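protein08.json (JSON, C-alpha atoms)
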```json
[["chain", "number", "residue", "atom", "x", "y", "z"],
["A", 1, "MET", "CA", -7.05, -6.50, 5.64],
["A", 2, "ARG", "CA", -8.50, -5.53, 8.99],
["A", 3, "CYS", "CA", -7.42, -8.86, 10.48],
["A", 4, "PHE", "CA", -4.34, -9.55, 8.33],
["A", 5, "LEU", "CA", -2.30, -6.46, 9.24],
["A", 6, "PRO", "CA", -2.57, -6.88, 13.04],
["A", 7, "VAL", "CA", -1.69, -10.58, 12.70],
["A", 8, "LEU", "CA", 1.29, -9.67, 10.52],
["A", 9, "PHE", "CA", 2.47, -7.07, 13.05],
["A", 10, "VAL", "CA", 2.09, -9.43, 16.02],
["A", 11, "SER", "CA", 3.94, -12.24, 14.21],
["A", 12, "TYR", "CA", 6.76, -9.82, 13.34],
["A", 13, "LEU", "CA", 6.92, -8.63, 16.95],
["A", 14, "VAL", "CA", 7.03, -12.22, 18.25],
["A", 15, "SER", "CA", 9.74, -13.11, 15.73],
["A", 16, "ILE", "CA", 12.07, -10.25, 16.67],
["A", 17, "THR", "CA", 11.43, -10.81, 20.38],
["A", 18, "PHE", "CA", 11.84, -14.57, 20.67],
["A", 19, "PHE", "CA", 13.94, -15.63, 17.67],
["A", 20, "ALA", "CA", 16.74, -13.04, 17.48],
["A", 21, "HIS", "CA", 20.18, -14.59, 17.06],
["A", 22, "ILE", "CA", 23.64, -13.75, 15.75],
["A", 23, "HIS", "CA", 26.03, -15.15, 13.18],
["A", 24, "VAL", "CA", 29.73, -14.27, 13.01],
["A", 25, "VAL", "CA", 31.09, -14.37, 9.47],
["A", 26, "ASN", "CA", 34.71, -13.32, 8.84],
["A", 27, "GLY", "CA", 34.76, -11.36, 12.08],
["A", 28, "VAL", "CA", 31.51, -9.50, 11.28],
["A", 29, "THR", "CA", 28.56, -10.01, 13.61],
["A", 30, "ILE", "CA", 25.18, -10.22, 11.89],
["A", 31, "VAL", "CA", 22.05, -10.06, 14.04],
["A", 32, "HIS", "CA", 18.70, -11.11, 12.60],
["A", 33, "SER", "CA", 15.58, -13.02, 13.60],
["A", 34, "HIS", "CA", 13.41, -15.78, 12.23],
["A", 35, "PRO", "CA", 11.83, -18.90, 13.72],
["A", 36, "PHE", "CA", 14.25, -21.82, 14.20],
["A", 37, "LYS", "CA", 14.79, -24.69, 16.65],
["A", 38, "LYS", "CA", 17.05, -23.75, 19.54],
["A", 39, "GLY", "CA", 20.04, -26.03, 19.86],
["A", 40, "ALA", "CA", 19.81, -27.34, 16.29],
["A", 41, "ALA", "CA", 22.55, -26.62, 13.76],
["A", 42, "HIS", "CA", 21.61, -23.37, 12.09],
["A", 43, "LYS", "CA", 23.58, -21.82, 9.23],
["A", 44, "HIS", "CA", 22.99, -19.43, 6.37],
["A", 45, "SER", "CA", 24.74, -19.10, 3.06],
["A", 46, "THR", "CA", 26.78, -16.01, 2.28],
["A", 47, "VAL", "CA", 24.11, -14.84, -0.17],
["A", 48, "GLU", "CA", 21.40, -15.10, 2.48],
["A", 49, "LEU", "CA", 23.46, -13.11, 4.98],
["A", 50, "LEU", "CA", 24.18, -10.43, 2.36],
["A", 51, "LEU", "CA", 20.46, -10.23, 1.61],
["A", 52, "VAL", "CA", 19.68, -9.77, 5.32],
["A", 53, "HIS", "CA", 22.35, -7.06, 5.50],
["A", 54, "PHE", "CA", 21.09, -5.14, 2.45],
["A", 55, "LEU", "CA", 17.45, -5.32, 3.51],
["A", 56, "SER", "CA", 18.34, -4.16, 7.02],
["A", 57, "HIS", "CA", 20.51, -1.27, 5.88],
["A", 58, "LEU", "CA", 18.56, 0.16, 2.96],
["A", 59, "THR", "CA", 19.33, 3.87, 2.75],
["A", 60, "THR", "CA", 18.55, 6.56, 0.22],
["A", 61, "ASP", "CA", 19.72, 10.10, -0.21],
["A", 62, "GLY", "CA", 17.77, 13.19, -1.19],
["A", 63, "ALA", "CA", 18.71, 12.91, -4.87],
["A", 64, "ALA", "CA", 17.05, 9.50, -5.16],
["A", 65, "VAL", "CA", 13.86, 10.81, -3.57],
["A", 66, "VAL", "CA", 13.78, 13.86, -5.87],
["A", 67, "PHE", "CA", 14.39, 11.62, -8.89],
["A", 68, "ALA", "CA", 11.59, 9.24, -7.88],
["A", 69, "LEU", "CA", 9.17, 12.11, -7.27],
["A", 70, "SER", "CA", 10.09, 13.72, -10.60],
["A", 71, "LEU", "CA", 8.88, 10.52, -12.28],
["A", 72, "PHE", "CA", 5.96, 9.75, -9.97],
["A", 73, "ILE", "CA", 4.18, 13.14, -9.86],
["A", 74, "PRO", "CA", 3.87, 13.59, -13.67],
["A", 75, "PHE", "CA", 2.63, 10.00, -13.97],
["A", 76, "ILE", "CA", -0.09, 10.60, -11.36],
["A", 77, "LEU", "CA", -1.12, 13.89, -13.02],
["A", 78, "TRP", "CA", -1.26, 12.15, -16.41],
["A", 79, "ARG", "CA", -3.44, 9.37, -14.96],
["A", 80, "LEU", "CA", -5.77, 11.83, -13.24],
["A", 81, "HIS", "CA", -6.10, 13.93, -16.39],
["A", 82, "GLY", "CA", -7.13, 10.89, -18.42],
["A", 83, "ILE", "CA", -9.90, 9.83, -16.04],
["A", 84, "THR", "CA", -13.27, 11.14, -17.14],
["A", 85, "GLN", "CA", -16.14, 11.48, -14.79],
["A", 86, "HIS", "CA", -19.37, 9.93, -15.96],
["A", 87, "THR", "CA", -22.54, 11.16, -14.35],
["A", 88, "HIS", "CA", -25.86, 9.49, -14.85],
["A", 89, "TYR", "CA", -29.10, 10.92, -13.64],
["A", 90, "HIS", "CA", -32.32, 8.99, -13.52],
["A", 91, "SER", "CA", -34.84, 11.04, -15.43],
["A", 92, "PRO", "CA", -37.59, 10.23, -17.89],
["A", 93, "TYR", "CA", -36.11, 12.56, -20.50],
["A", 94, "HIS", "CA", -32.55, 12.29, -21.73],
["A", 95, "GLY", "CA", -30.45, 15.24, -20.62],
["A", 96, "VAL", "CA", -33.16, 16.75, -18.42],
["A", 97, "VAL", "CA", -32.73, 16.72, -14.68],
["A", 98, "ALA", "CA", -35.97, 17.60, -12.93],
["A", 99, "LEU", "CA", -35.51, 18.33, -9.27],
["A", 100, "ARG", "CA", -39.14, 19.27, -8.65],
["A", 101, "ALA", "CA", -42.55, 18.55, -10.04],
["A", 102, "PRO", "CA", -43.82, 20.76, -12.87],
["A", 103, "PRO", "CA", -46.15, 23.62, -11.90],
["A", 104, "VAL", "CA", -49.85, 22.92, -11.83],
["A", 105, "ILE", "CA", -52.28, 25.30, -13.51],
["A", 106, "ARG", "CA", -55.79, 25.17, -12.08],
["A", 107, "PHE", "CA", -58.81, 26.47, -13.89],
["A", 108, "SER", "CA", -61.81, 27.23, -11.81],
["A", 109, "ALA", "CA", -65.35, 27.17, -13.13],
["A", 110, "ILE", "CA", -67.32, 30.37, -12.62]]
```
Final structure tokens representation of the file:
Amino acid sequence: MRCFLPVLFVSYLVSITFFAHIHVVNGVTIVHSHPFKKGAAHKHSTVELLLVHFLSHLTTDGAAVVFALSLFIPFILWRLHGITQHTHYHSPYHGVVALRAPPVIRFSAI
């Protein structure tokens, strides 16, 4: 990921910088970019141009965001509630966590 995302960004930047071009369809000018040979015949179908238009002009209003959040937040809370945390301590006795050595009782001979 560390290498892929910068390469993706640079390739996108190169594409919009060097390969931007326009198409006029029924009096409407559509500007987009992708690699192609300059001077070669270059056309898109109506479906492709509509796809470019819809992807370039995707808009949402506040109601759509509130609706999406009203579904997303309960789902996340449900998932987090169902995740149990398992802890495992390395100890010689099951269930006993000894953080220090036991006390030593010394008997001295008189």
Distance criterion (all atoms listed in the file): nearest to Ile22 of chain A out of A:Arg79, A:Arg100, A:His34, A:Arg106: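 Checking each of A:Arg79, A:Arg100, A:His34, A:Arg106 against Ile22 of chain A, counting all atoms listed in the file, the winner is A:His34.
Residues within 12 Å of Ser56 of chain A, counting only C-alpha atoms and excluding same-chain residues fewer than 5 positions away, are A:Ile30, A:Val31, A:His32, A:Ser33, A:Leu49, A:Leu50, A:Leu51.
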File dump, residues just selected, C-alpha atoms, as a compact mmCIF listing (two decimals), keeping the file's coordinate frame:
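This is the output file out_21.txt:
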```txt
# COMPACT_ATOMS: atom_id res chain seq x y z
CA ILE A 30 25.18 -10.22 11.89
CA VAL A 31 22.05 -10.06 14.04
CA HIS A 32 18.70 -11.11 12.60
CA SER A 33 15.58 -13.02 13.60
CA LEU A 49 23.46 -13.11 4.98
CA LEU A 50 24.18 -10.43 2.36
CA LEU A 51 20.46 -10.23 1.61
```
In Å to one decimal, how far is atom CA of Thr29 of chain A from atom CA of Ser11 of chain A?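 Answer for the atom CA of Ser11 of chain A to atom CA of Thr29 of chain A separation: 24.7 Å.
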To one decimal in Å, tell me the separation between atom CA of Lys43 of chain A and atom CA of His23 of chain A. 8.1 Å
Could you tell me how far atom CA of Trp78 of chain A sits from atom CA of Gly62 of chain A, in Å to one decimal place?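 Interatomic distance here is 24.4 Å.
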